[in-house]
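Undergrad: The structure that follows is given in the form of structure tokens.
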Amino acid sequence: QVQLVESGGGLVQAGGSLRLSCAASGRTSGRTFSNYAMSWFRQAPGKEREFVAAISFIRRTYYADSVKGRFTITRDNAKNTVYLQMNSLKPEDTAVYYCALELAGRGSAGPQAYDYWGQGTQVTVSS
């Protein structure tokens, strides 16, 4: 089993920055964190969960168009942690942000590809 714990959310003014972290623990089938893809999704009130960013096991990165140029996803395999640096935040970025792990390692954009999810961390951007 794998557990994911997000941190770093909070309240920030528009134009500000936040860095989210997601720490993974546990393992499956003898594989390690470096074998997996990690991603961030978000869900705003009344909306469906949407893809934000992903990083594959070979560190290829993918972003939603709405965050390209503002958000950066990175990973530290030694710490079993993935990060989301969020700059130039906008009120429309307000949502609960979820970390997810994909055993296949590809870094897919669809939530159905992910095997484990964190509990989420709230990000609120005021105007």
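By order of appearance in the structure tokens: chains A, B, ..., then residues from 1 within every chain, and ligands from 1 in the order shown.
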List as a list in words the protein and nucleic acid residues near Gly107 in chain A, meaning an atom at most 8 Å away when only C-alpha atoms are counted, but skip any in the same chain fewer than 2 places from it.
TA: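 In the requested form, the answer reads Ala37, Met38, Ser39, Ala54, Ile55, Ser56, Phe57, Arg60, Thr61, Tyr62, Glu102, Gly105 and Ala109 of chain A.
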Undergrad: Kindly indicate which residue among A:Ala53, A:Leu11, A:Ala23, A:Val2 lies nearest to Phe41 in chain A, using only C-alpha atoms for the distances.
TA: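 For Phe41 in chain A, the nearest of the given residues is A:Ala53.
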Undergrad: So, with only C-alpha atoms as the atoms that count, which of A:Ala64, A:Ala44, A:Thr124, A:Gln1 lies closest to Arg31 in chain A?
TA: A:Gln1
Undergrad: Point out the residue among A:Ser108, A:Asn77, A:Asn35, A:Gln43 with the least atom-to-atom distance to Tyr63 in chain A, counting only C-alpha atoms.
TA: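 Smallest separation from Tyr63 in chain A among the options: A:Ser108.
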Undergrad: DSSP says strand (DSSP E or B) for which residues of chain A? Put them as a ChimeraX atom specification?
TA: /A:2-7,10-13,18-26,37-43,50-55,61-63,71-76,81-86,95-102,116-117,121-126
Undergrad: Using only C-alpha atoms, find the one residue out of A:Gln122, A:Ala104, A:Asp115, A:Cys99 that sits nearest to Thr81 in chain A.
TA: A:Cys99
Undergrad: List the spatial neighbours of Asp93 in chain A as a ChimeraX atom specification - criterion: any atom at most 8 Å away, only C-alpha atoms, same-chain residues fewer than 2 positions off excluded.
TA: /A:89-91,95,123-125
Undergrad: Would you put the residues from that selection into a file with C-alpha atoms, as a tab-separated table (two decimals), in the first residue's frame?
TA:
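result.tsv written:
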```
chain	number	residue	atom	x	y	z
A	89	LEU	CA	-1.71	32.64	-8.73
A	90	LYS	CA	-5.17	33.68	-9.83
A	91	PRO	CA	-8.52	33.49	-8.01
A	95	ALA	CA	-9.47	24.60	-5.26
A	123	VAL	CA	-5.53	26.52	-1.91
A	124	THR	CA	-7.43	29.81	-1.77
A	125	VAL	CA	-6.41	32.79	-3.89
```
Undergrad: So how many Å separate CA of Arg19 in chain A and CA of Ala100 in chain A, to one decimal?
TA: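 CA of Arg19 in chain A sits 16.2 Å away from CA of Ala100 in chain A.
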Undergrad: Show me, as a VMD selection string, the residues that have an atom within 7 Å of Arg42 in chain A when counting only C-alpha atoms, minus same-chain residues fewer than 3 positions from it.
TA: chain A and resid 49 to 52 95 to 98
Undergrad: Within 12 Å of Lys79 in chain A, counting only C-alpha atoms, which residues show up once you throw out same-chain ones fewer than 2 positions away? Write them as a list of chain:residue names, please.
TA: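 Non-adjacent residues within range: A:Ser21, A:Cys22, A:Ala23, A:Ala24, A:Ser25, A:Thr32, A:Phe33, A:Ser34, A:Thr74, A:Arg75, A:Asp76, A:Asn77, A:Thr81, A:Val82, A:Tyr83.
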Undergrad: How far is it from CA of Ser17 in chain A to CA of Leu4 in chain A, in Å with one decimal?
TA: 22.5 Å
Undergrad: Quick one: DSSP helix (DSSP H, G or I) residues in range 39-119 of chain A, as JSON, numbers by chain?
TA: {"A": [77, 78, 79, 91, 92, 93, 111, 112, 113]}
